[in-house]
file structure_35.tsv (TSV, C-alpha atoms)
chain	number	residue	atom	x	y	z
A	1	ALA	CA	-21.92	-14.74	-5.82
A	2	GLN	CA	-19.11	-16.95	-4.68
A	3	SER	CA	-19.14	-17.70	-0.99
A	4	VAL	CA	-18.23	-20.15	1.70
A	5	THR	CA	-20.36	-20.52	4.80
A	6	GLN	CA	-19.28	-22.07	8.05
A	7	PRO	CA	-22.48	-21.84	10.10
A	8	ASP	CA	-20.93	-22.70	13.45
A	9	ILE	CA	-18.72	-19.96	14.92
A	10	HIS	CA	-17.89	-21.96	18.04
A	11	ILE	CA	-18.12	-25.68	18.78
A	12	THR	CA	-17.30	-27.40	22.07
A	13	VAL	CA	-16.79	-31.14	22.31
A	14	SER	CA	-15.44	-33.46	24.94
A	15	GLU	CA	-12.16	-35.24	24.37
A	16	GLY	CA	-12.81	-38.59	22.72
A	17	ALA	CA	-16.10	-37.48	21.20
A	18	SER	CA	-16.72	-37.34	17.47
A	19	LEU	CA	-16.58	-34.08	15.57
A	20	GLU	CA	-18.23	-32.67	12.48
A	21	LEU	CA	-17.59	-29.15	11.22
A	22	ARG	CA	-19.90	-27.87	8.54
A	23	CYS	CA	-18.96	-26.07	5.35
A	24	ASN	CA	-21.28	-25.02	2.54
A	25	TYR	CA	-20.13	-23.31	-0.61
A	26	SER	CA	-21.62	-21.42	-3.51
A	27	TYR	CA	-19.45	-21.46	-6.60
A	28	GLY	CA	-20.38	-21.53	-10.26
A	29	ALA	CA	-17.32	-23.37	-11.54
A	30	THR	CA	-15.98	-26.76	-10.53
A	31	PRO	CA	-14.93	-26.23	-6.92
A	32	TYR	CA	-11.63	-27.18	-5.40
A	33	LEU	CA	-12.17	-27.55	-1.67
A	34	PHE	CA	-9.82	-27.23	1.27
A	35	TRP	CA	-9.79	-27.41	5.03
A	36	TYR	CA	-7.12	-25.54	6.98
A	37	VAL	CA	-6.42	-25.49	10.71
A	38	GLN	CA	-5.00	-22.57	12.65
A	39	SER	CA	-3.57	-23.28	16.08
A	40	PRO	CA	-3.30	-20.35	18.50
A	41	GLY	CA	-0.58	-17.94	17.42
A	42	GLN	CA	0.23	-19.98	14.34
A	43	GLY	CA	-0.35	-19.75	10.63
A	44	LEU	CA	-2.74	-21.95	8.71
A	45	GLN	CA	-1.91	-25.56	7.97
A	46	LEU	CA	-3.56	-27.61	5.26
A	47	LEU	CA	-5.56	-30.55	6.63
A	48	LEU	CA	-6.91	-31.92	3.36
A	49	LYS	CA	-8.09	-30.97	-0.09
A	50	TYR	CA	-10.51	-32.27	-2.68
A	51	PHE	CA	-10.14	-31.85	-6.41
A	52	SER	CA	-11.89	-34.83	-7.96
A	53	GLY	CA	-12.47	-38.56	-7.60
A	54	ASP	CA	-13.46	-40.25	-4.37
A	55	THR	CA	-15.70	-37.87	-2.47
A	56	LEU	CA	-14.36	-39.01	0.91
A	57	VAL	CA	-10.97	-37.44	1.46
A	58	GLN	CA	-8.48	-38.41	4.14
A	59	GLY	CA	-6.22	-35.79	5.64
A	60	ILE	CA	-3.61	-35.36	8.30
A	61	LYS	CA	-4.16	-35.75	12.05
A	62	GLY	CA	-6.97	-38.28	11.52
A	63	PHE	CA	-9.35	-35.85	9.81
A	64	GLU	CA	-11.55	-36.65	6.83
A	65	ALA	CA	-14.04	-34.70	4.76
A	66	GLU	CA	-16.83	-35.67	2.43
A	67	PHE	CA	-17.78	-33.74	-0.67
A	68	LYS	CA	-21.51	-33.77	-1.40
A	69	ARG	CA	-22.25	-31.96	-4.62
A	70	SER	CA	-26.03	-32.17	-4.20
A	71	GLN	CA	-25.79	-30.37	-0.88
A	72	SER	CA	-22.88	-28.06	-1.85
A	73	SER	CA	-21.16	-29.21	1.30
A	74	PHE	CA	-17.69	-30.30	2.36
A	75	ASN	CA	-17.97	-31.21	6.03
A	76	LEU	CA	-14.94	-32.08	8.12
A	77	ARG	CA	-15.07	-35.03	10.50
A	78	LYS	CA	-12.96	-36.76	13.09
A	79	PRO	CA	-14.11	-39.87	14.97
A	80	SER	CA	-12.34	-39.09	18.24
A	81	VAL	CA	-11.16	-35.62	19.16
A	82	HIS	CA	-7.93	-35.00	21.08
A	83	TRP	CA	-7.25	-31.97	23.29
A	84	SER	CA	-4.59	-30.88	20.80
A	85	ASP	CA	-7.30	-30.44	18.14
A	86	ALA	CA	-8.48	-27.25	19.83
A	87	ALA	CA	-7.95	-24.62	17.13
A	88	GLU	CA	-9.76	-22.63	14.49
A	89	TYR	CA	-10.77	-24.41	11.31
A	90	PHE	CA	-11.25	-22.76	7.96
A	91	CYS	CA	-12.96	-24.10	4.88
A	92	ALA	CA	-11.93	-22.63	1.53
A	93	VAL	CA	-12.98	-23.01	-2.07
A	94	GLY	CA	-11.17	-22.22	-5.28
A	95	ALA	CA	-11.84	-22.61	-8.99
A	96	ALA	CA	-9.80	-24.62	-11.41
A	97	GLY	CA	-7.10	-22.59	-13.13
A	98	THR	CA	-7.21	-19.71	-10.67
A	99	TYR	CA	-4.99	-18.57	-7.85
A	100	LYS	CA	-7.70	-17.54	-5.49
A	101	TYR	CA	-9.08	-19.05	-2.33
A	102	ILE	CA	-12.35	-17.90	-0.85
A	103	PHE	CA	-12.25	-18.58	2.85
A	104	GLY	CA	-15.07	-19.15	5.25
A	105	THR	CA	-15.18	-17.19	8.48
A	106	GLY	CA	-13.89	-20.09	10.53
A	107	THR	CA	-15.11	-22.37	13.33
A	108	ARG	CA	-13.36	-22.24	16.67
A	109	LEU	CA	-13.16	-25.65	18.34
A	110	LYS	CA	-12.88	-26.04	22.09
A	111	VAL	CA	-12.09	-29.45	23.56
A	112	LEU	CA	-13.12	-30.30	27.11
A	113	ALA	CA	-10.95	-32.67	29.11
B	1	ASP	CA	14.06	-27.17	7.17
B	2	ALA	CA	12.41	-24.86	4.67
B	3	GLU	CA	10.05	-22.36	6.20
B	4	ILE	CA	8.18	-19.11	5.82
B	5	THR	CA	8.76	-16.35	8.36
B	6	GLN	CA	7.14	-13.01	9.03
B	7	SER	CA	8.43	-10.01	10.92
B	8	PRO	CA	7.61	-8.32	13.09
B	9	ARG	CA	5.11	-10.62	14.83
B	10	HIS	CA	3.47	-7.67	16.55
B	11	LYS	CA	3.44	-4.01	15.53
B	12	ILE	CA	1.79	-0.89	16.90
B	13	THR	CA	1.82	2.19	14.74
B	14	GLU	CA	0.05	5.50	14.34
B	15	THR	CA	-2.39	6.64	11.70
B	16	GLY	CA	-0.63	8.07	8.68
B	17	ARG	CA	2.70	6.30	9.17
B	18	GLN	CA	4.20	4.05	6.54
B	19	VAL	CA	4.60	0.46	7.71
B	20	THR	CA	6.35	-2.47	6.06
B	21	LEU	CA	5.71	-6.08	6.99
B	22	ALA	CA	8.32	-8.60	5.95
B	23	CYS	CA	7.75	-12.09	4.55
B	24	HIS	CA	10.61	-14.48	3.78
B	25	GLN	CA	10.40	-18.06	2.50
B	26	THR	CA	13.16	-20.57	1.97
B	27	TRP	CA	11.26	-23.06	-0.21
B	28	ASN	CA	12.22	-21.29	-3.42
B	29	HIS	CA	8.52	-21.04	-4.21
B	30	ASN	CA	7.49	-18.92	-7.17
B	31	ASN	CA	4.14	-17.81	-5.76
B	32	MET	CA	3.67	-15.60	-2.72
B	33	PHE	CA	0.51	-14.14	-1.22
B	34	TRP	CA	-0.55	-11.64	1.42
B	35	TYR	CA	-3.84	-12.01	3.30
B	36	ARG	CA	-5.51	-10.16	6.10
B	37	GLN	CA	-7.64	-11.90	8.70
B	38	ASP	CA	-10.49	-10.08	10.39
B	39	LEU	CA	-13.30	-11.32	12.59
B	40	GLY	CA	-16.32	-12.22	10.52
B	41	HIS	CA	-14.41	-12.14	7.24
B	42	GLY	CA	-12.06	-15.09	7.26
B	43	LEU	CA	-8.94	-14.44	5.19
B	44	ARG	CA	-8.99	-11.99	2.31
B	45	LEU	CA	-6.34	-11.68	-0.38
B	46	ILE	CA	-4.45	-8.37	-0.53
B	47	HIS	CA	-1.71	-8.90	-3.14
B	48	TYR	CA	0.03	-11.80	-4.77
B	49	SER	CA	3.06	-12.51	-6.91
B	50	TYR	CA	3.85	-15.31	-9.34
B	51	GLY	CA	7.56	-14.54	-9.56
B	52	VAL	CA	10.28	-11.93	-9.43
B	53	HIS	CA	9.06	-8.52	-10.58
B	54	ASP	CA	5.48	-9.80	-10.85
B	55	THR	CA	2.79	-8.34	-8.56
B	56	ASN	CA	-1.00	-8.42	-8.71
B	57	LYS	CA	-3.87	-6.95	-6.75
B	58	GLY	CA	-6.21	-9.07	-4.72
B	59	GLU	CA	-9.67	-8.26	-3.47
B	60	VAL	CA	-8.66	-5.78	-0.74
B	61	SER	CA	-5.55	-4.08	-2.17
B	62	ASP	CA	-6.41	-0.40	-1.56
B	63	GLY	CA	-3.82	1.22	0.71
B	64	TYR	CA	-1.30	-1.60	0.29
B	65	SER	CA	1.61	-2.24	-2.05
B	66	VAL	CA	4.13	-5.02	-2.62
B	67	SER	CA	7.31	-5.49	-4.60
B	68	ARG	CA	9.15	-8.68	-5.53
B	69	SER	CA	12.86	-8.17	-6.14
B	70	ASN	CA	13.90	-11.75	-5.39
B	71	THR	CA	12.29	-15.16	-4.99
B	72	GLU	CA	12.47	-15.31	-1.22
B	73	ASP	CA	10.82	-12.04	-0.13
B	74	LEU	CA	7.53	-10.24	-0.61
B	75	PRO	CA	7.31	-7.22	1.72
B	76	LEU	CA	3.91	-5.62	2.24
B	77	THR	CA	3.81	-1.84	2.64
B	78	LEU	CA	1.00	0.20	4.10
B	79	GLU	CA	1.59	3.58	2.50
B	80	SER	CA	-0.33	5.58	5.12
B	81	ALA	CA	-1.68	3.38	7.86
B	82	ALA	CA	-5.35	3.69	8.76
B	83	SER	CA	-7.27	2.31	11.71
B	84	SER	CA	-9.21	0.12	9.29
B	85	GLN	CA	-5.95	-1.70	8.57
B	86	THR	CA	-5.73	-3.02	12.11
B	87	SER	CA	-5.70	-6.74	11.44
B	88	VAL	CA	-3.68	-9.92	11.44
B	89	TYR	CA	-1.64	-10.30	8.27
B	90	PHE	CA	-0.57	-13.65	6.84
B	91	CYS	CA	1.95	-14.35	4.16
B	92	ALA	CA	1.77	-17.58	2.17
B	93	SER	CA	3.72	-19.24	-0.60
B	94	SER	CA	3.18	-22.04	-3.09
B	95	ASP	CA	5.25	-23.84	-5.68
B	96	LYS	CA	5.19	-23.39	-9.45
B	97	GLY	CA	1.84	-23.28	-11.12
B	98	GLN	CA	-0.56	-20.38	-11.12
B	99	VAL	CA	-3.36	-22.66	-10.08
B	100	ILE	CA	-5.35	-23.34	-6.99
B	101	GLN	CA	-4.17	-26.95	-6.83
B	102	GLU	CA	-0.84	-25.90	-5.38
B	103	THR	CA	-0.90	-26.04	-1.60
B	104	GLN	CA	-0.27	-22.70	0.05
B	105	TYR	CA	2.03	-22.66	3.08
B	106	PHE	CA	1.32	-19.95	5.60
B	107	GLY	CA	3.57	-17.94	7.85
B	108	PRO	CA	2.78	-17.38	11.56
B	109	GLY	CA	1.18	-13.97	11.01
B	110	THR	CA	1.80	-10.35	12.01
B	111	ARG	CA	-0.62	-8.66	14.34
B	112	LEU	CA	-0.86	-4.94	13.45
B	113	LEU	CA	-2.56	-2.30	15.54
B	114	VAL	CA	-3.04	1.17	14.04
B	115	LEU	CA	-3.85	3.84	16.63
call {"tool": "encode", "arguments": {"input": "structure_35.tsv", "output": "structure tokens"}}
result
Amino acid sequence: AQSVTQPDIHITVSEGASLELRCNYSYGATPYLFWYVQSPGQGLQLLLKYFSGDTLVQGIKGFEAEFKRSQSSFNLRKPSVHWSDAAEYFCAVGAAGTYKYIFGTGTRLKVLA
Amino acid sequence: DAEITQSPRHKITETGRQVTLACHQTWNHNNMFWYRQDLGHGLRLIHYSYGVHDTNKGEVSDGYSVSRSNTEDLPLTLESAASSQTSVYFCASSDKGQVIQETQYFGPGTRLLVL
């Protein structure tokens, strides 16, 4: 069955610390992978996406993600977290030629001053 | 600036009432989507449309309907609201291309409580 797993429901980091949010997927077809961020009271905003090519993808706001096919993972990273990064982060997967995202359940990030 | 708006932002209704949530985008995007967001489930697709007069069911479409009479709007109707439909609803749109590669742009959401 198709699925996306974000194993960490909540993560707390100190401002300036590095961050890694985990995402694992199960999908039979070639996956298209996305990370979205949802700030409080806001809609989702695309951070980055991976379709093919270089497995290290750069996104907005200093985020990057690495696609590892052997591990079925697409983890999101940031070297130094800012207080404004506090939000909920969603990983999603889709198949080529389809309309449909499958979203993970999200990871809520708290940033300590 | 182009944008996608939803109204109302918050709604309280009673079981059995008909409710319509509005979604309006000014990007002239062909594709529009409705999702619901519930704890433990992420976002799930309710209905989607690839253009005027086109509508399609998503994975959780029971009890919901949509109609697309113009490019800008895709209202979501709950025919007879149920407590299980208490949720946060997000509208999204994307440009031409019925493919996942097109970035979806999300509205701010509508929080619906069914009593």
call {"tool": "closest_atom_pairs", "arguments": {"input": "structure_35.tsv", "of": "chain A", "to": "chain B", "cutoff": "12 Å", "atoms": "all atoms listed in the file", "output": "JSON lines"}}
result
{"residue": "A:Ser3", "atom": "CA", "partner": "B:His41", "partner_atom": "CA", "distance": 11.0}
{"residue": "A:Val4", "atom": "CA", "partner": "B:Gly42", "partner_atom": "CA", "distance": 9.7}
{"residue": "A:Thr5", "atom": "CA", "partner": "B:Gly42", "partner_atom": "CA", "distance": 10.2}
{"residue": "A:Gln6", "atom": "CA", "partner": "B:Gly42", "partner_atom": "CA", "distance": 10.1}
{"residue": "A:Pro7", "atom": "CA", "partner": "B:Gly40", "partner_atom": "CA", "distance": 11.4}
{"residue": "A:Asp8", "atom": "CA", "partner": "B:Gly40", "partner_atom": "CA", "distance": 11.8}
{"residue": "A:Ile9", "atom": "CA", "partner": "B:Gly40", "partner_atom": "CA", "distance": 9.2}
{"residue": "A:Thr30", "atom": "CA", "partner": "B:Ile100", "partner_atom": "CA", "distance": 11.7}
{"residue": "A:Pro31", "atom": "CA", "partner": "B:Ile100", "partner_atom": "CA", "distance": 10.0}
{"residue": "A:Tyr32", "atom": "CA", "partner": "B:Ile100", "partner_atom": "CA", "distance": 7.5}
{"residue": "A:Leu33", "atom": "CA", "partner": "B:Gln101", "partner_atom": "CA", "distance": 9.5}
{"residue": "A:Phe34", "atom": "CA", "partner": "B:Thr103", "partner_atom": "CA", "distance": 9.4}
{"residue": "A:Trp35", "atom": "CA", "partner": "B:Thr103", "partner_atom": "CA", "distance": 11.2}
{"residue": "A:Tyr36", "atom": "CA", "partner": "B:Gln104", "partner_atom": "CA", "distance": 10.1}
{"residue": "A:Val37", "atom": "CA", "partner": "B:Phe106", "partner_atom": "CA", "distance": 10.8}
{"residue": "A:Gln38", "atom": "CA", "partner": "B:Pro108", "partner_atom": "CA", "distance": 9.4}
{"residue": "A:Ser39", "atom": "CA", "partner": "B:Pro108", "partner_atom": "CA", "distance": 9.8}
{"residue": "A:Pro40", "atom": "CA", "partner": "B:Pro108", "partner_atom": "CA", "distance": 9.7}
{"residue": "A:Gly41", "atom": "CA", "partner": "B:Pro108", "partner_atom": "CA", "distance": 6.8}
{"residue": "A:Gln42", "atom": "CA", "partner": "B:Pro108", "partner_atom": "CA", "distance": 4.6}
{"residue": "A:Gly43", "atom": "CA", "partner": "B:Pro108", "partner_atom": "CA", "distance": 4.0}
{"residue": "A:Leu44", "atom": "CA", "partner": "B:Phe106", "partner_atom": "CA", "distance": 5.5}
{"residue": "A:Gln45", "atom": "CA", "partner": "B:Phe106", "partner_atom": "CA", "distance": 6.9}
{"residue": "A:Leu46", "atom": "CA", "partner": "B:Thr103", "partner_atom": "CA", "distance": 7.5}
{"residue": "A:Leu47", "atom": "CA", "partner": "B:Thr103", "partner_atom": "CA", "distance": 10.5}
{"residue": "A:Leu48", "atom": "CA", "partner": "B:Thr103", "partner_atom": "CA", "distance": 9.8}
{"residue": "A:Lys49", "atom": "CA", "partner": "B:Gln101", "partner_atom": "CA", "distance": 8.8}
{"residue": "A:Tyr50", "atom": "CA", "partner": "B:Gln101", "partner_atom": "CA", "distance": 9.3}
{"residue": "A:Phe51", "atom": "CA", "partner": "B:Gln101", "partner_atom": "CA", "distance": 7.7}
{"residue": "A:Ser52", "atom": "CA", "partner": "B:Gln101", "partner_atom": "CA", "distance": 11.1}
{"residue": "A:Glu88", "atom": "CA", "partner": "B:Gly42", "partner_atom": "CA", "distance": 10.7}
{"residue": "A:Tyr89", "atom": "CA", "partner": "B:Gly42", "partner_atom": "CA", "distance": 10.2}
{"residue": "A:Phe90", "atom": "CA", "partner": "B:Gly42", "partner_atom": "CA", "distance": 7.7}
{"residue": "A:Cys91", "atom": "CA", "partner": "B:Gly42", "partner_atom": "CA", "distance": 9.4}
{"residue": "A:Ala92", "atom": "CA", "partner": "B:Leu43", "partner_atom": "CA", "distance": 9.5}
{"residue": "A:Val93", "atom": "CA", "partner": "B:Ile100", "partner_atom": "CA", "distance": 9.1}
{"residue": "A:Gly94", "atom": "CA", "partner": "B:Ile100", "partner_atom": "CA", "distance": 6.2}
{"residue": "A:Ala95", "atom": "CA", "partner": "B:Ile100", "partner_atom": "CA", "distance": 6.8}
{"residue": "A:Ala96", "atom": "CA", "partner": "B:Ile100", "partner_atom": "CA", "distance": 6.4}
{"residue": "A:Gly97", "atom": "CA", "partner": "B:Val99", "partner_atom": "CA", "distance": 4.8}
{"residue": "A:Thr98", "atom": "CA", "partner": "B:Val99", "partner_atom": "CA", "distance": 4.9}
{"residue": "A:Tyr99", "atom": "CA", "partner": "B:Ile100", "partner_atom": "CA", "distance": 4.9}
{"residue": "A:Lys100", "atom": "CA", "partner": "B:Ile100", "partner_atom": "CA", "distance": 6.4}
{"residue": "A:Tyr101", "atom": "CA", "partner": "B:Ile100", "partner_atom": "CA", "distance": 7.4}
{"residue": "A:Ile102", "atom": "CA", "partner": "B:Arg44", "partner_atom": "CA", "distance": 7.5}
{"residue": "A:Phe103", "atom": "CA", "partner": "B:Gly42", "partner_atom": "CA", "distance": 5.6}
{"residue": "A:Gly104", "atom": "CA", "partner": "B:Gly42", "partner_atom": "CA", "distance": 5.4}
{"residue": "A:Thr105", "atom": "CA", "partner": "B:Gly42", "partner_atom": "CA", "distance": 4.0}
{"residue": "A:Gly106", "atom": "CA", "partner": "B:Gly42", "partner_atom": "CA", "distance": 6.2}
{"residue": "A:Thr107", "atom": "CA", "partner": "B:Gly42", "partner_atom": "CA", "distance": 10.0}
{"residue": "A:Arg108", "atom": "CA", "partner": "B:Leu39", "partner_atom": "CA", "distance": 11.7}
call {"tool": "write_last_selection", "arguments": {"input": "structure_35.tsv", "atoms": "C-alpha atoms", "output": "mmCIF file, in the frame of the given file"}}
result
data_model
loop_
_atom_site.group_PDB
_atom_site.id
_atom_site.type_symbol
_atom_site.label_atom_id
_atom_site.label_comp_id
_atom_site.auth_asym_id
_atom_site.auth_seq_id
_atom_site.Cartn_x
_atom_site.Cartn_y
_atom_site.Cartn_z
ATOM 1 C CA SER A 3 -19.140 -17.700 -0.990
ATOM 2 C CA VAL A 4 -18.230 -20.150 1.700
ATOM 3 C CA THR A 5 -20.360 -20.520 4.800
ATOM 4 C CA GLN A 6 -19.280 -22.070 8.050
ATOM 5 C CA PRO A 7 -22.480 -21.840 10.100
ATOM 6 C CA ASP A 8 -20.930 -22.700 13.450
ATOM 7 C CA ILE A 9 -18.720 -19.960 14.920
ATOM 8 C CA THR A 30 -15.980 -26.760 -10.530
ATOM 9 C CA PRO A 31 -14.930 -26.230 -6.920
ATOM 10 C CA TYR A 32 -11.630 -27.180 -5.400
ATOM 11 C CA LEU A 33 -12.170 -27.550 -1.670
ATOM 12 C CA PHE A 34 -9.820 -27.230 1.270
ATOM 13 C CA TRP A 35 -9.790 -27.410 5.030
ATOM 14 C CA TYR A 36 -7.120 -25.540 6.980
ATOM 15 C CA VAL A 37 -6.420 -25.490 10.710
ATOM 16 C CA GLN A 38 -5.000 -22.570 12.650
ATOM 17 C CA SER A 39 -3.570 -23.280 16.080
ATOM 18 C CA PRO A 40 -3.300 -20.350 18.500
ATOM 19 C CA GLY A 41 -0.580 -17.940 17.420
ATOM 20 C CA GLN A 42 0.230 -19.980 14.340
ATOM 21 C CA GLY A 43 -0.350 -19.750 10.630
ATOM 22 C CA LEU A 44 -2.740 -21.950 8.710
ATOM 23 C CA GLN A 45 -1.910 -25.560 7.970
ATOM 24 C CA LEU A 46 -3.560 -27.610 5.260
ATOM 25 C CA LEU A 47 -5.560 -30.550 6.630
ATOM 26 C CA LEU A 48 -6.910 -31.920 3.360
ATOM 27 C CA LYS A 49 -8.090 -30.970 -0.090
ATOM 28 C CA TYR A 50 -10.510 -32.270 -2.680
ATOM 29 C CA PHE A 51 -10.140 -31.850 -6.410
ATOM 30 C CA SER A 52 -11.890 -34.830 -7.960
ATOM 31 C CA GLU A 88 -9.760 -22.630 14.490
ATOM 32 C CA TYR A 89 -10.770 -24.410 11.310
ATOM 33 C CA PHE A 90 -11.250 -22.760 7.960
ATOM 34 C CA CYS A 91 -12.960 -24.100 4.880
ATOM 35 C CA ALA A 92 -11.930 -22.630 1.530
ATOM 36 C CA VAL A 93 -12.980 -23.010 -2.070
ATOM 37 C CA GLY A 94 -11.170 -22.220 -5.280
ATOM 38 C CA ALA A 95 -11.840 -22.610 -8.990
ATOM 39 C CA ALA A 96 -9.800 -24.620 -11.410
ATOM 40 C CA GLY A 97 -7.100 -22.590 -13.130
ATOM 41 C CA THR A 98 -7.210 -19.710 -10.670
ATOM 42 C CA TYR A 99 -4.990 -18.570 -7.850
ATOM 43 C CA LYS A 100 -7.700 -17.540 -5.490
ATOM 44 C CA TYR A 101 -9.080 -19.050 -2.330
ATOM 45 C CA ILE A 102 -12.350 -17.900 -0.850
ATOM 46 C CA PHE A 103 -12.250 -18.580 2.850
ATOM 47 C CA GLY A 104 -15.070 -19.150 5.250
ATOM 48 C CA THR A 105 -15.180 -17.190 8.480
ATOM 49 C CA GLY A 106 -13.890 -20.090 10.530
ATOM 50 C CA THR A 107 -15.110 -22.370 13.330
ATOM 51 C CA ARG A 108 -13.360 -22.240 16.670
#
call {"tool": "atom_distance", "arguments": {"input": "structure_35.tsv", "atom1": "atom CA of B:Ser83", "atom2": "atom CA of B:His10"}}
result
15.4 Å
call {"tool": "residues_around", "arguments": {"input": "structure_35.tsv", "residues": "B:Asn30", "least_positions_apart": "5", "cutoff": "7 Å", "atoms": "all atoms listed in the file", "output": "PyMOL selection string"}}
result
chain B and resi 50-51+71+94-96
call {"tool": "closest_residue", "arguments": {"input": "structure_35.tsv", "among": "A:Val111, A:Glu66, A:Ser80, A:Leu21", "to": "A:Asp54", "atoms": "only C-alpha atoms"}}
result
A:Glu66
call {"tool": "residues_around", "arguments": {"input": "structure_35.tsv", "residues": "stretch 15-22 of chain B", "least_positions_apart": "5", "cutoff": "10 Å", "atoms": "only C-alpha atoms", "output": "JSON, numbers by chain"}}
result
{"B": [5, 6, 7, 8, 9, 10, 64, 65, 66, 73, 74, 75, 76, 77, 78, 79, 80, 81, 82, 83, 84, 85, 89, 90, 91, 109, 110, 112, 113, 114, 115]}
call {"tool": "residues_around", "arguments": {"input": "structure_35.tsv", "residues": "A:Phe63", "least_positions_apart": "4", "cutoff": "7 Å", "atoms": "all atoms listed in the file", "output": "PyMOL selection string"}}
result
chain A and resi 58-59+76-78
call {"tool": "atom_distance", "arguments": {"input": "structure_35.tsv", "atom1": "atom CA of B:Glu14", "atom2": "atom CA of B:Val88"}}
result
16.1 Å
call {"tool": "atom_distance", "arguments": {"input": "structure_35.tsv", "atom1": "atom CA of B:Thr13", "atom2": "atom CA of B:Thr86"}}
result
9.5 Å
call {"tool": "closest_residue", "arguments": {"input": "structure_35.tsv", "among": "A:Gly53, A:His10, A:Gly28, A:Lys61", "to": "A:Asp85", "atoms": "all atoms listed in the file"}}
result
A:Lys61
call {"tool": "axis_aligned_box", "arguments": {"input": "structure_35.tsv", "around": "stretch 44-56 of chain A", "padding_each_side": "6 Å", "output": "AutoDock Vina command-line options"}}
result
--center_x -8.8 --center_y -31.1 --center_z 0.4 --size_x 25.8 --size_y 30.3 --size_z 28.7
call {"tool": "build_atoms", "arguments": {"input": "structure_35.tsv", "residues": "stretch 17-33 of chain A", "atoms": "N, CA and C atoms", "output": "PDB file, in the coordinates of the input"}}
result
ATOM      1  N   ALA A  17     -14.840 -37.531  21.941  1.00  0.00           N
ATOM      2  CA  ALA A  17     -16.100 -37.480  21.200  1.00  0.00           C
ATOM      3  C   ALA A  17     -15.829 -37.273  19.717  1.00  0.00           C
ATOM      4  N   SER A  18     -16.841 -37.564  18.915  1.00  0.00           N
ATOM      5  CA  SER A  18     -16.720 -37.340  17.470  1.00  0.00           C
ATOM      6  C   SER A  18     -16.972 -35.869  17.154  1.00  0.00           C
ATOM      7  N   LEU A  19     -16.506 -35.475  15.973  1.00  0.00           N
ATOM      8  CA  LEU A  19     -16.580 -34.080  15.570  1.00  0.00           C
ATOM      9  C   LEU A  19     -17.042 -33.974  14.123  1.00  0.00           C
ATOM     10  N   GLU A  20     -17.917 -33.017  13.856  1.00  0.00           N
ATOM     11  CA  GLU A  20     -18.230 -32.670  12.480  1.00  0.00           C
ATOM     12  C   GLU A  20     -18.345 -31.160  12.374  1.00  0.00           C
ATOM     13  N   LEU A  21     -17.545 -30.587  11.492  1.00  0.00           N
ATOM     14  CA  LEU A  21     -17.590 -29.150  11.220  1.00  0.00           C
ATOM     15  C   LEU A  21     -18.193 -28.954   9.842  1.00  0.00           C
ATOM     16  N   ARG A  22     -19.147 -28.036   9.775  1.00  0.00           N
ATOM     17  CA  ARG A  22     -19.900 -27.870   8.540  1.00  0.00           C
ATOM     18  C   ARG A  22     -19.310 -26.797   7.633  1.00  0.00           C
ATOM     19  N   CYS A  23     -19.419 -27.029   6.348  1.00  0.00           N
ATOM     20  CA  CYS A  23     -18.960 -26.070   5.350  1.00  0.00           C
ATOM     21  C   CYS A  23     -19.897 -26.189   4.145  1.00  0.00           C
ATOM     22  N   ASN A  24     -20.461 -25.070   3.751  1.00  0.00           N
ATOM     23  CA  ASN A  24     -21.280 -25.020   2.540  1.00  0.00           C
ATOM     24  C   ASN A  24     -20.702 -23.968   1.610  1.00  0.00           C
ATOM     25  N   TYR A  25     -20.730 -24.229   0.331  1.00  0.00           N
ATOM     26  CA  TYR A  25     -20.130 -23.310  -0.610  1.00  0.00           C
ATOM     27  C   TYR A  25     -21.127 -22.968  -1.714  1.00  0.00           C
ATOM     28  N   SER A  26     -20.870 -21.828  -2.323  1.00  0.00           N
ATOM     29  CA  SER A  26     -21.620 -21.420  -3.510  1.00  0.00           C
ATOM     30  C   SER A  26     -20.589 -20.979  -4.531  1.00  0.00           C
ATOM     31  N   TYR A  27     -20.500 -21.764  -5.615  1.00  0.00           N
ATOM     32  CA  TYR A  27     -19.450 -21.460  -6.600  1.00  0.00           C
ATOM     33  C   TYR A  27     -19.904 -21.991  -7.941  1.00  0.00           C
ATOM     34  N   GLY A  28     -19.854 -21.149  -8.967  1.00  0.00           N
ATOM     35  CA  GLY A  28     -20.380 -21.530 -10.260  1.00  0.00           C
ATOM     36  C   GLY A  28     -19.528 -22.544 -10.991  1.00  0.00           C
ATOM     37  N   ALA A  29     -18.223 -22.467 -10.815  1.00  0.00           N
ATOM     38  CA  ALA A  29     -17.320 -23.370 -11.540  1.00  0.00           C
ATOM     39  C   ALA A  29     -17.103 -24.639 -10.722  1.00  0.00           C
ATOM     40  N   THR A  30     -16.329 -25.549 -11.270  1.00  0.00           N
ATOM     41  CA  THR A  30     -15.980 -26.760 -10.530  1.00  0.00           C
ATOM     42  C   THR A  30     -15.154 -26.375  -9.303  1.00  0.00           C
ATOM     43  N   PRO A  31     -15.624 -26.704  -8.117  1.00  0.00           N
ATOM     44  CA  PRO A  31     -14.930 -26.230  -6.920  1.00  0.00           C
ATOM     45  C   PRO A  31     -13.761 -27.124  -6.535  1.00  0.00           C
ATOM     46  N   TYR A  32     -12.714 -26.489  -6.073  1.00  0.00           N
ATOM     47  CA  TYR A  32     -11.630 -27.180  -5.400  1.00  0.00           C
ATOM     48  C   TYR A  32     -11.781 -26.799  -3.934  1.00  0.00           C
ATOM     49  N   LEU A  33     -11.790 -27.771  -3.059  1.00  0.00           N
ATOM     50  CA  LEU A  33     -12.170 -27.550  -1.670  1.00  0.00           C
ATOM     51  C   LEU A  33     -11.039 -27.899  -0.722  1.00  0.00           C
TER      52      LEU A  33
END
